[in-house]
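*Asks:* Pasting my_file.cif below, which is mmCIF, C-alpha atoms.
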```
data_coords
#
loop_
_atom_site.group_PDB
_atom_site.id
_atom_site.type_symbol
_atom_site.label_atom_id
_atom_site.label_comp_id
_atom_site.auth_asym_id
_atom_site.auth_seq_id
_atom_site.Cartn_x
_atom_site.Cartn_y
_atom_site.Cartn_z
ATOM 1 C CA MET A 182 -82.112 77.389 -230.905
ATOM 2 C CA LEU A 183 -82.424 79.711 -227.917
ATOM 3 C CA PRO A 184 -85.473 79.328 -225.683
ATOM 4 C CA ILE A 185 -87.667 82.412 -225.375
ATOM 5 C CA PHE A 186 -87.805 84.462 -222.186
ATOM 6 C CA ASP A 187 -91.428 84.345 -221.023
ATOM 7 C CA LYS A 188 -91.969 87.636 -219.221
ATOM 8 C CA ASN A 189 -95.550 86.780 -218.291
ATOM 9 C CA PHE A 190 -94.450 83.503 -216.699
ATOM 10 C CA TYR A 191 -91.672 85.264 -214.789
ATOM 11 C CA PHE A 192 -94.011 87.918 -213.404
ATOM 12 C CA LYS A 193 -96.713 85.375 -212.602
ATOM 13 C CA LYS A 194 -95.193 85.147 -209.131
ATOM 14 C CA PRO A 195 -95.846 88.365 -207.200
ATOM 15 C CA ALA A 196 -92.448 88.104 -205.474
ATOM 16 C CA ASN A 197 -90.662 88.333 -208.827
ATOM 17 C CA LEU A 198 -92.653 91.394 -209.800
ATOM 18 C CA VAL A 199 -91.853 93.079 -206.491
ATOM 19 C CA LYS A 200 -88.121 92.275 -206.825
ATOM 20 C CA TYR A 201 -88.103 93.647 -210.352
ATOM 21 C CA TYR A 202 -89.554 97.029 -209.440
ATOM 22 C CA LEU A 203 -87.604 97.340 -206.190
ATOM 23 C CA SER A 204 -84.265 96.528 -207.854
ATOM 24 C CA LYS A 205 -85.030 98.857 -210.753
ATOM 25 C CA GLN A 206 -85.545 101.760 -208.373
ATOM 26 C CA TYR A 207 -82.792 100.790 -205.940
ATOM 27 C CA VAL A 208 -79.957 100.726 -208.499
ATOM 28 C CA LYS A 209 -80.734 104.354 -209.393
ATOM 29 C CA LEU A 210 -78.999 105.258 -206.138
ATOM 30 C CA TYR A 211 -75.678 104.036 -207.545
ATOM 31 C CA SER A 212 -73.431 105.126 -210.386
ATOM 32 C CA LYS A 213 -73.381 102.872 -213.443
ATOM 33 C CA ASP A 214 -69.585 102.779 -213.169
ATOM 34 C CA ARG A 215 -70.027 100.402 -210.247
ATOM 35 C CA PHE A 216 -71.590 97.651 -212.361
ATOM 36 C CA VAL A 217 -70.041 95.103 -214.733
ATOM 37 C CA ALA A 218 -72.127 92.784 -216.939
ATOM 38 C CA VAL A 219 -70.855 89.451 -218.241
ATOM 39 C CA CYS A 220 -72.664 87.898 -221.207
ATOM 40 C CA GLY A 221 -72.091 85.457 -224.059
ATOM 41 C CA SER A 222 -72.647 81.811 -224.918
ATOM 42 C CA LEU A 223 -70.125 79.982 -222.733
ATOM 43 C CA GLY A 224 -67.818 80.698 -219.821
ATOM 44 C CA LYS A 225 -69.918 83.421 -218.190
ATOM 45 C CA THR A 226 -69.957 81.915 -214.710
ATOM 46 C CA THR A 227 -66.225 81.204 -214.762
ATOM 47 C CA THR A 228 -65.572 84.757 -215.959
ATOM 48 C CA VAL A 229 -67.639 86.125 -213.072
ATOM 49 C CA ARG A 230 -65.677 84.003 -210.590
ATOM 50 C CA PHE A 231 -62.306 85.158 -211.934
ATOM 51 C CA SER A 232 -63.467 88.780 -212.172
ATOM 52 C CA GLN A 233 -64.713 88.813 -208.593
ATOM 53 C CA LYS A 234 -61.314 87.636 -207.369
ATOM 54 C CA VAL A 235 -59.434 90.153 -209.510
ATOM 55 C CA LEU A 236 -61.495 93.199 -208.539
ATOM 56 C CA SER A 237 -61.365 92.148 -204.890
ATOM 57 C CA GLN A 238 -57.638 92.922 -204.994
ATOM 58 C CA LYS A 239 -58.622 96.600 -204.940
ATOM 59 C CA PHE A 240 -62.355 96.938 -204.228
ATOM 60 C CA LYS A 241 -64.988 95.370 -202.054
ATOM 61 C CA THR A 242 -66.821 93.399 -204.732
ATOM 62 C CA PHE A 243 -70.175 91.654 -204.988
ATOM 63 C CA SER A 244 -71.244 89.235 -207.722
ATOM 64 C CA THR A 245 -74.129 87.014 -208.723
ATOM 65 C CA GLN A 246 -73.879 83.436 -207.475
ATOM 66 C CA SER A 247 -72.990 80.628 -209.862
ATOM 67 C CA ASP A 248 -75.246 78.031 -208.250
ATOM 68 C CA LYS A 249 -78.469 79.966 -208.837
ATOM 69 C CA ASP A 250 -80.682 80.689 -211.847
ATOM 70 C CA HIS A 251 -79.156 83.836 -213.345
ATOM 71 C CA LEU A 252 -82.565 85.201 -214.354
ATOM 72 C CA PHE A 253 -83.819 85.270 -210.769
ATOM 73 C CA GLU A 254 -80.395 85.973 -209.315
ATOM 74 C CA VAL A 255 -79.832 89.383 -210.951
ATOM 75 C CA THR A 256 -82.736 91.136 -209.220
ATOM 76 C CA SER A 257 -81.983 89.384 -205.933
ATOM 77 C CA ALA A 258 -78.304 90.328 -206.132
ATOM 78 C CA LEU A 259 -79.043 93.989 -206.842
ATOM 79 C CA LEU A 260 -81.175 94.186 -203.716
ATOM 80 C CA LYS A 261 -78.298 92.818 -201.605
ATOM 81 C CA ILE A 262 -75.727 95.460 -202.467
ATOM 82 C CA ASN A 263 -74.930 98.455 -200.264
ATOM 83 C CA PRO A 264 -72.623 101.487 -200.583
ATOM 84 C CA SER A 265 -69.655 99.525 -199.217
ATOM 85 C CA TYR A 266 -69.552 97.472 -202.431
ATOM 86 C CA LYS A 267 -67.551 99.478 -204.950
ATOM 87 C CA LYS A 268 -67.930 96.938 -207.773
ATOM 88 C CA VAL A 269 -70.833 94.647 -208.674
ATOM 89 C CA ILE A 270 -70.490 91.885 -211.289
ATOM 90 C CA LEU A 271 -73.661 90.546 -212.888
ATOM 91 C CA GLU A 272 -74.046 87.476 -215.075
ATOM 92 C CA PHE A 273 -76.556 88.142 -217.835
ATOM 93 C CA GLY A 274 -78.110 85.054 -219.406
ATOM 94 C CA GLY A 275 -78.938 84.501 -223.039
ATOM 95 C CA LEU A 276 -82.598 83.628 -223.431
ATOM 96 C CA LEU A 277 -84.272 85.208 -226.425
ATOM 97 C CA GLY A 278 -85.547 88.604 -225.234
ATOM 98 C CA GLU A 279 -83.775 88.391 -221.889
ATOM 99 C CA MET A 280 -81.441 91.334 -222.566
ATOM 100 C CA ASP A 281 -84.460 93.623 -222.781
ATOM 101 C CA PHE A 282 -85.355 92.527 -219.269
ATOM 102 C CA TYR A 283 -81.874 93.222 -217.887
ATOM 103 C CA SER A 284 -81.407 96.556 -219.640
ATOM 104 C CA SER A 285 -84.754 97.765 -218.308
ATOM 105 C CA ILE A 286 -83.250 97.419 -214.807
ATOM 106 C CA ILE A 287 -79.592 98.392 -215.178
ATOM 107 C CA LEU A 288 -77.199 99.399 -217.967
ATOM 108 C CA PRO A 289 -73.640 98.833 -216.726
ATOM 109 C CA LYS A 290 -70.866 100.921 -218.261
ATOM 110 C CA ILE A 291 -68.626 97.867 -218.627
ATOM 111 C CA VAL A 292 -69.734 94.755 -220.518
ATOM 112 C CA ILE A 293 -67.614 91.614 -220.968
ATOM 113 C CA VAL A 294 -68.495 89.248 -223.810
ATOM 114 C CA THR A 295 -67.042 85.753 -223.458
ATOM 115 C CA ASN A 296 -67.864 84.218 -226.846
ATOM 116 C CA ILE A 297 -70.842 83.749 -229.164
ATOM 117 C CA ASN A 298 -71.817 80.539 -230.926
ATOM 118 C CA GLN A 299 -75.012 81.424 -232.777
ATOM 119 C CA ASP A 300 -76.836 84.305 -234.434
ATOM 120 C CA GLU A 301 -79.509 84.558 -231.747
ATOM 121 C CA VAL A 302 -76.912 85.087 -229.011
ATOM 122 C CA PHE A 303 -75.224 87.656 -231.260
ATOM 123 C CA ASN A 304 -78.463 89.618 -231.592
ATOM 124 C CA GLU A 305 -79.185 89.481 -227.863
ATOM 125 C CA THR A 306 -75.645 90.604 -226.986
ATOM 126 C CA ASN A 307 -75.795 93.365 -229.565
ATOM 127 C CA LYS A 308 -78.900 94.749 -227.859
ATOM 128 C CA LEU A 309 -76.923 95.356 -224.702
ATOM 129 C CA LEU A 310 -73.738 96.645 -226.329
ATOM 130 C CA SER A 311 -75.570 99.059 -228.595
ATOM 131 C CA GLN A 312 -76.876 100.826 -225.482
ATOM 132 C CA LEU A 313 -73.432 101.420 -223.985
ATOM 133 C CA PRO A 314 -72.649 105.141 -223.578
ATOM 134 C CA SER A 315 -69.685 106.705 -225.344
ATOM 135 C CA ASP A 316 -67.698 106.575 -222.092
ATOM 136 C CA GLY A 317 -68.527 102.881 -221.603
ATOM 137 C CA ILE A 318 -66.243 99.906 -222.275
ATOM 138 C CA ALA A 319 -66.893 96.680 -224.173
ATOM 139 C CA MET A 320 -64.384 93.877 -223.558
ATOM 140 C CA LEU A 321 -64.490 91.381 -226.407
ATOM 141 C CA ASN A 322 -62.808 88.077 -227.202
ATOM 142 C CA TRP A 323 -60.623 88.723 -230.255
ATOM 143 C CA ASP A 324 -60.368 85.000 -231.014
ATOM 144 C CA ASP A 325 -64.145 84.749 -231.454
ATOM 145 C CA ALA A 326 -65.397 85.628 -234.948
ATOM 146 C CA PHE A 327 -68.802 86.836 -233.749
ATOM 147 C CA CYS A 328 -67.216 89.209 -231.235
ATOM 148 C CA LYS A 329 -65.320 90.974 -234.000
ATOM 149 C CA LYS A 330 -68.604 91.627 -235.782
ATOM 150 C CA LEU A 331 -70.080 93.079 -232.597
ATOM 151 C CA SER A 332 -67.517 95.873 -232.561
ATOM 152 C CA LYS A 333 -69.124 97.462 -235.624
ATOM 153 C CA GLU A 334 -72.241 98.336 -233.627
ATOM 154 C CA ILE A 335 -70.573 99.762 -230.518
ATOM 155 C CA ASN A 336 -70.117 103.470 -229.769
ATOM 156 C CA ALA A 337 -68.178 102.804 -226.573
ATOM 157 C CA THR A 338 -64.485 101.966 -226.247
ATOM 158 C CA VAL A 339 -63.709 98.415 -227.416
ATOM 159 C CA ILE A 340 -60.910 96.464 -225.734
ATOM 160 C CA TYR A 341 -59.892 93.042 -226.978
ATOM 161 C CA TYR A 342 -58.414 90.097 -225.115
ATOM 162 C CA GLY A 343 -57.235 86.822 -226.660
ATOM 163 C CA THR A 344 -54.070 85.291 -228.060
ATOM 164 C CA ASP A 345 -53.117 87.872 -230.697
ATOM 165 C CA PRO A 346 -50.501 90.348 -229.373
ATOM 166 C CA GLN A 347 -51.098 92.678 -232.310
ATOM 167 C CA ASN A 348 -54.789 93.274 -231.606
ATOM 168 C CA CYS A 349 -55.307 92.452 -227.930
ATOM 169 C CA THR A 350 -54.636 94.713 -224.961
ATOM 170 C CA VAL A 351 -54.210 91.647 -222.761
ATOM 171 C CA TRP A 352 -53.158 88.390 -224.389
ATOM 172 C CA ALA A 353 -52.082 84.864 -223.539
ATOM 173 C CA GLY A 354 -49.111 82.947 -224.859
ATOM 174 C CA ASN A 355 -47.712 79.450 -224.473
ATOM 175 C CA ALA A 356 -50.926 77.999 -223.062
ATOM 176 C CA LYS A 357 -50.699 74.326 -222.035
ATOM 177 C CA ILE A 358 -51.644 71.797 -219.384
ATOM 178 C CA GLU A 359 -48.904 70.962 -216.873
ATOM 179 C CA ASN A 360 -49.256 68.810 -213.761
ATOM 180 C CA PHE A 361 -53.052 68.906 -214.034
ATOM 181 C CA LYS A 362 -53.092 72.711 -214.161
ATOM 182 C CA THR A 363 -53.688 75.100 -217.044
ATOM 183 C CA THR A 364 -50.724 77.417 -217.481
ATOM 184 C CA PHE A 365 -50.149 80.390 -219.755
ATOM 185 C CA GLU A 366 -48.191 83.613 -220.016
ATOM 186 C CA LEU A 367 -50.288 86.690 -219.259
ATOM 187 C CA ASN A 368 -49.080 89.683 -221.265
ATOM 188 C CA LEU A 369 -49.722 93.414 -221.028
ATOM 189 C CA GLY A 370 -47.406 95.529 -223.174
ATOM 190 C CA VAL A 371 -43.866 94.563 -222.136
ATOM 191 C CA GLU A 372 -45.075 93.040 -218.856
ATOM 192 C CA ARG A 373 -45.413 89.271 -218.584
ATOM 193 C CA VAL A 374 -46.273 86.864 -215.775
ATOM 194 C CA LYS A 375 -46.841 83.116 -215.777
ATOM 195 C CA VAL A 376 -50.259 82.058 -214.490
ATOM 196 C CA GLU A 377 -51.210 78.600 -213.220
ATOM 197 C CA LEU A 378 -54.961 78.075 -213.102
ATOM 198 C CA SER A 379 -56.514 75.400 -210.919
ATOM 199 C CA THR A 380 -59.169 74.892 -213.607
ATOM 200 C CA LEU A 381 -58.326 72.438 -216.389
ATOM 201 C CA GLY A 382 -58.595 73.134 -220.117
ATOM 202 C CA ILE A 383 -56.966 75.532 -222.568
ATOM 203 C CA HIS A 384 -60.401 77.114 -223.093
ATOM 204 C CA GLN A 385 -60.208 78.313 -219.459
ATOM 205 C CA ILE A 386 -57.683 80.970 -220.440
ATOM 206 C CA TYR A 387 -60.440 83.117 -221.961
ATOM 207 C CA PRO A 388 -62.428 83.720 -218.759
ATOM 208 C CA ALA A 389 -59.079 84.408 -217.064
ATOM 209 C CA LEU A 390 -58.068 86.857 -219.792
ATOM 210 C CA ALA A 391 -61.417 88.629 -219.592
ATOM 211 C CA ALA A 392 -61.016 89.056 -215.835
ATOM 212 C CA ALA A 393 -57.418 90.202 -216.302
ATOM 213 C CA THR A 394 -58.560 92.836 -218.808
ATOM 214 C CA LEU A 395 -61.122 94.055 -216.297
ATOM 215 C CA GLY A 396 -58.342 94.285 -213.733
ATOM 216 C CA VAL A 397 -56.094 96.261 -216.088
ATOM 217 C CA VAL A 398 -58.891 98.751 -216.811
ATOM 218 C CA SER A 399 -59.362 99.072 -213.041
ATOM 219 C CA ASN A 400 -55.640 99.878 -212.591
ATOM 220 C CA ILE A 401 -54.800 96.645 -210.777
ATOM 221 C CA PRO A 402 -51.145 95.554 -211.252
ATOM 222 C CA LEU A 403 -50.456 92.424 -213.290
ATOM 223 C CA THR A 404 -48.783 90.754 -210.307
ATOM 224 C CA LYS A 405 -51.958 91.123 -208.243
ATOM 225 C CA ILE A 406 -54.070 89.903 -211.150
ATOM 226 C CA LYS A 407 -51.890 86.780 -211.265
ATOM 227 C CA ILE A 408 -52.449 86.179 -207.546
ATOM 228 C CA ALA A 409 -56.201 86.568 -207.991
ATOM 229 C CA LEU A 410 -56.443 84.218 -210.969
ATOM 230 C CA GLU A 411 -54.352 81.529 -209.305
ATOM 231 C CA SER A 412 -56.379 81.705 -206.103
ATOM 232 C CA THR A 413 -59.703 81.228 -207.895
ATOM 233 C CA GLU A 414 -61.019 77.765 -207.175
ATOM 234 C CA GLY A 415 -62.775 75.847 -209.913
ATOM 235 C CA GLN A 416 -66.525 75.417 -209.873
ATOM 236 C CA ASP A 417 -67.794 72.106 -208.531
ATOM 237 C CA HIS A 418 -68.236 69.499 -211.275
ATOM 238 C CA LYS A 419 -66.744 71.762 -213.969
ATOM 239 C CA MET A 420 -63.572 70.105 -215.285
ATOM 240 C CA GLN A 421 -62.619 69.088 -211.746
ATOM 241 C CA PHE A 422 -59.646 66.773 -211.346
ATOM 242 C CA HIS A 423 -59.880 63.810 -208.976
ATOM 243 C CA GLN A 424 -57.402 61.012 -208.286
ATOM 244 C CA GLY A 425 -58.985 57.579 -208.522
ATOM 245 C CA PRO A 426 -57.938 54.041 -207.579
ATOM 246 C CA ASN A 427 -55.034 52.139 -209.161
ATOM 247 C CA GLY A 428 -53.355 55.246 -210.520
ATOM 248 C CA SER A 429 -56.431 56.422 -212.408
ATOM 249 C CA PHE A 430 -57.621 60.019 -212.806
ATOM 250 C CA LEU A 431 -61.124 61.419 -213.227
ATOM 251 C CA LEU A 432 -62.169 64.657 -214.934
ATOM 252 C CA ASP A 433 -65.586 65.617 -213.609
ATOM 253 C CA ASP A 434 -67.512 67.895 -215.989
ATOM 254 C CA THR A 435 -71.029 66.901 -214.969
ATOM 255 C CA TYR A 436 -72.386 70.288 -213.844
ATOM 256 C CA SER A 437 -73.788 71.033 -217.291
ATOM 257 C CA SER A 438 -72.704 70.525 -220.836
ATOM 258 C CA SER A 439 -73.252 71.300 -224.497
ATOM 259 C CA PRO A 440 -71.692 70.000 -227.719
ATOM 260 C CA ILE A 441 -69.129 72.823 -227.655
ATOM 261 C CA GLU A 442 -68.237 72.253 -223.991
ATOM 262 C CA LEU A 443 -67.941 68.535 -224.666
ATOM 263 C CA ASP A 444 -65.535 69.315 -227.499
ATOM 264 C CA PHE A 445 -63.403 71.301 -225.021
ATOM 265 C CA ALA A 446 -63.585 68.449 -222.514
ATOM 266 C CA ILE A 447 -62.387 65.892 -225.060
ATOM 267 C CA ASP A 448 -59.508 68.179 -226.062
ATOM 268 C CA THR A 449 -58.516 68.456 -222.407
ATOM 269 C CA LEU A 450 -58.710 64.683 -221.938
ATOM 270 C CA LEU A 451 -56.394 64.198 -224.911
ATOM 271 C CA GLN A 452 -53.779 66.582 -223.512
ATOM 272 C CA ILE A 453 -53.376 64.685 -220.258
ATOM 273 C CA PRO A 454 -50.842 61.808 -220.352
ATOM 274 C CA ALA A 455 -52.681 58.496 -219.986
ATOM 275 C CA ARG A 456 -52.436 54.860 -221.046
ATOM 276 C CA ARG A 457 -56.167 54.642 -221.748
ATOM 277 C CA ARG A 458 -58.832 57.339 -222.115
ATOM 278 C CA ILE A 459 -62.453 56.608 -221.237
ATOM 279 C CA LEU A 460 -65.314 58.977 -222.054
ATOM 280 C CA ILE A 461 -68.619 58.745 -220.156
ATOM 281 C CA LEU A 462 -71.374 60.927 -221.628
ATOM 282 C CA GLY A 463 -74.570 61.720 -219.736
ATOM 283 C CA GLU A 464 -77.732 63.510 -220.744
ATOM 284 C CA MET A 465 -77.444 67.117 -221.939
ATOM 285 C CA ASN A 466 -80.548 68.163 -220.096
ATOM 286 C CA ASN A 467 -81.007 71.895 -220.528
ATOM 287 C CA SER A 468 -83.381 74.212 -222.326
ATOM 288 C CA ILE A 469 -81.292 74.681 -225.480
ATOM 289 C CA LYS A 470 -82.185 72.478 -228.438
ATOM 290 C CA TYR A 471 -79.273 70.905 -230.270
ATOM 291 C CA SER A 472 -79.312 69.846 -233.906
ATOM 292 C CA PRO A 473 -78.364 66.420 -235.319
ATOM 293 C CA GLU A 474 -75.292 68.128 -236.778
ATOM 294 C CA ASP A 475 -74.093 68.981 -233.245
ATOM 295 C CA PHE A 476 -74.119 65.314 -232.259
ATOM 296 C CA ARG A 477 -72.643 64.223 -235.583
ATOM 297 C CA LYS A 478 -69.613 66.401 -234.874
ATOM 298 C CA ILE A 479 -69.223 64.759 -231.458
ATOM 299 C CA ALA A 480 -69.329 61.305 -233.038
ATOM 300 C CA GLU A 481 -66.787 62.294 -235.681
ATOM 301 C CA LYS A 482 -64.432 63.695 -233.040
ATOM 302 C CA ILE A 483 -64.691 60.530 -230.941
ATOM 303 C CA TYR A 484 -63.908 58.432 -234.019
ATOM 304 C CA LYS A 485 -61.039 60.663 -235.142
ATOM 305 C CA GLU A 486 -59.318 60.763 -231.748
ATOM 306 C CA LYS A 487 -59.596 56.979 -231.219
ATOM 307 C CA LEU A 488 -60.733 57.115 -227.591
ATOM 308 C CA ASP A 489 -60.423 53.722 -225.929
ATOM 309 C CA PHE A 490 -63.938 53.430 -224.460
ATOM 310 C CA VAL A 491 -67.083 55.520 -224.794
ATOM 311 C CA TYR A 492 -70.144 55.014 -222.606
ATOM 312 C CA LEU A 493 -73.409 56.763 -223.516
ATOM 313 C CA GLY A 494 -76.137 57.632 -221.025
ATOM 314 C CA GLN A 495 -79.729 58.614 -221.619
ATOM 315 C CA GLY A 496 -81.377 61.530 -223.409
ATOM 316 C CA PHE A 497 -80.080 63.581 -226.330
ATOM 317 C CA ILE A 498 -76.562 62.197 -226.057
ATOM 318 C CA LYS A 499 -77.820 58.933 -227.593
ATOM 319 C CA ASN A 500 -77.981 60.827 -230.878
ATOM 320 C CA VAL A 501 -74.224 60.323 -231.071
ATOM 321 C CA LEU A 502 -75.055 56.750 -232.155
ATOM 322 C CA ASP A 503 -76.731 58.090 -235.299
ATOM 323 C CA ASP A 504 -73.262 58.378 -236.836
ATOM 324 C CA GLU A 505 -72.093 54.856 -237.626
ATOM 325 C CA LYS A 506 -68.439 55.892 -237.231
ATOM 326 C CA ALA A 507 -69.001 56.253 -233.486
ATOM 327 C CA LEU A 508 -69.701 52.537 -233.253
ATOM 328 C CA ILE A 509 -66.354 51.466 -234.730
#
```
As structure tokens, what does this structure read like?

*Replies:*
Amino acid sequence: MLPIFDKNFYFKKPANLVKYYLSKQYVKLYSKDRFVAVCGSLGKTTTVRFSQKVLSQKFKTFSTQSDKDHLFEVTSALLKINPSYKKVILEFGGLLGEMDFYSSIILPKIVIVTNINQDEVFNETNKLLSQLPSDGIAMLNWDDAFCKKLSKEINATVIYYGTDPQNCTVWAGNAKIENFKTTFELNLGVERVKVELSTLGIHQIYPALAAATLGVVSNIPLTKIKIALESTEGQDHKMQFHQGPNGSFLLDDTYSSSPIELDFAIDTLLQIPARRRILILGEMNNSIKYSPEDFRKIAEKIYKEKLDFVYLGQGFIKNVLDDEKALI
């Protein structure tokens, strides 16, 4: 269940109220074409990082920072821009009612949706997309079932990215993990380039595809998009690869997590050649409430994949033990 955006709590601090009104007035000086919003359930920060690199191939670009609270960062970021920045990428969070807050400040003409994993996120995202003008662009993940439903409510141009060449403007093929890198073929019409991402995990192709689609719309050549994607460094503690002692390897995904992200992490672990695979699970300490079913699925996956060792930390992750299969 999504936590609710408490507007009264946010504006309790006078500085936040001042930033809100100043940013709301300041952005009126700029065309909406300059702004790109990134929203969805997962992969927003990675999409922003890739997109910033891609657009920087052609424009001076500014973006929100990944290491800050997105709610407070949007107003702060808007006050930092100046006319020299031709593109501004904003990460919009997904608290219940938060889209109303963002759209009261700025309505970008381009919106990227990464993926959606629950009805509440769907409704929040739909609020933003339904306000896009007819000359706006919505970039949606074709492989995500919720995103396909979103397209029915949009008056703007809809562009899909994903793995289906029949329905996607930009699509990926032959995605795999090689030499501790995620590789895939990036396709646009008859053009094709091989991309090697420094970030691990097949799920990482979607933020890359979203950024590539943004680059295509901005008339950036595929070869330059490839350079940008490959030069994007992974976020600290997000599927980071480290070499350990005695020929061991460590995948560090401790920045934050959720049942879905953990599922991706386990899939990635299974695709890397290894004699033994050890899973260490810490507390999922964020504001989103997870159901017993979420943890049951984790336990079933651990049991099915026959991981060699599993260590459980504190907090919600202990609910994995509620499924007796996880103990076998």

*Asks:* Counting all atoms listed in the file, which residue out of A:Val217, A:Val199, A:Ile270, A:Val302 sits closest to A:Ala319?

*Replies:*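 Closest residue, counting all atoms listed in the file: A:Val217.
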
*Asks:* Could you tell me, as JSON, numbers by chain, exactly which residues end up selected when the PyMOL selection byres ((chain A and resi 216) around 7) is applied to this structure?

*Replies:* {"A": [213, 214, 215, 217, 218, 268, 269, 270, 289, 290, 291]}

*Asks:* Pick the closest to A:Asn263 from A:Leu210, A:Leu236, A:Ile297, A:Val292: which is it, counting all atoms listed in the file?

*Replies:*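 Comparing A:Leu210, A:Leu236, A:Ile297, A:Val292 against A:Asn263, the winner is A:Leu210.
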
*Asks:* Give me the result of the PyMOL selection byres ((chain A and resi 226) around 12) on this file, residue by residue, as a VMD selection string.

*Replies:* chain A and resid 218 to 225 227 to 233 244 to 251 270 to 274 293 to 295 385 388 to 389 391 to 392 415 to 417 419 436 to 437

*Asks:* Which centre and edge lengths in Å to one decimal define the box along x, y and z that fits every listed atom of stretch 221-234 of chain A plus 4 Å per side, as AutoDock Vina command-line options?

*Replies:*
```
--center_x -67.0 --center_y 84.4 --center_z -216.1 --size_x 19.3 --size_y 16.8 --size_z 25.5
```

*Asks:* What do you get, as a PyMOL selection string, if you spell out every residue that the PyMOL selection byres ((chain A and resi 303) around 10) selects here?

*Replies:* chain A and resi 221-222+275+296-302+304-308+327-328+330-331

*Asks:* Using all atoms listed in the file, which of the listed residues (A:Asn336, A:Ser265, A:Ser412, A:Thr435) sits closest to A:Gln238?

*Replies:*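 Smallest distance to A:Gln238 is found for A:Ser412.
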
*Asks:* For A:Gly370, which residue out of A:Pro440, A:Pro264, A:Pro346, A:Pro184 is the nearest one, using all atoms listed in the file?

*Replies:*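 Closest residue, counting all atoms listed in the file: A:Pro346.
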
*Asks:* At a cut-off of 10 Å, using only C-alpha atoms, what residues contact A:Cys349? Leave out same-chain residues fewer than 3 positions from it and give the result as a ChimeraX atom specification.

*Replies:* /A:321-324,340-346,352-353,368-370,394

*Asks:* Which distance in Å separates atom CA of A:Asn400 and atom CA of A:Val235, to one decimal?

*Replies:*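 Between these atoms lies a distance of 10.9 Å.
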
*Asks:* So which one's closest to A:Ile498, A:Asp444, A:Asp316, A:Asp475, A:Glu464? Using only C-alpha atoms, please.

*Replies:*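 Nearest candidate to A:Ile498 out of A:Asp444, A:Asp316, A:Asp475, A:Glu464: A:Glu464.
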
*Asks:* Report, in Å with one decimal, the straight-line distance from atom CA of A:Arg458 to atom CA of A:Gln421.

*Replies:*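 Between atom CA of A:Arg458 and atom CA of A:Gln421 the gap works out to 16.1 Å.
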
*Asks:* Per residue of stretch 339-391 of chain A within 9 Å of stretch 447-450 of chain A, which atom pair is closest and at what distance in Å (one decimal), using all atoms listed in the file, listed by chain and increasing number, as JSON lines?

*Replies:*
```
{"residue": "A:Ile358", "atom": "CA", "partner": "A:Thr449", "partner_atom": "CA", "distance": 8.2}
{"residue": "A:Leu381", "atom": "CA", "partner": "A:Thr449", "partner_atom": "CA", "distance": 7.2}
{"residue": "A:Gly382", "atom": "CA", "partner": "A:Thr449", "partner_atom": "CA", "distance": 5.2}
{"residue": "A:Ile383", "atom": "CA", "partner": "A:Thr449", "partner_atom": "CA", "distance": 7.2}
{"residue": "A:His384", "atom": "CA", "partner": "A:Thr449", "partner_atom": "CA", "distance": 8.9}
```

*Asks:* Might you pull out every residue within 8 Å of stretch 487-497 of chain A, with only C-alpha atoms counted and same-chain residues fewer than 2 positions away left off, and present them as a PyMOL selection string?

*Replies:* chain A and resi 457-466+483-485+499-500
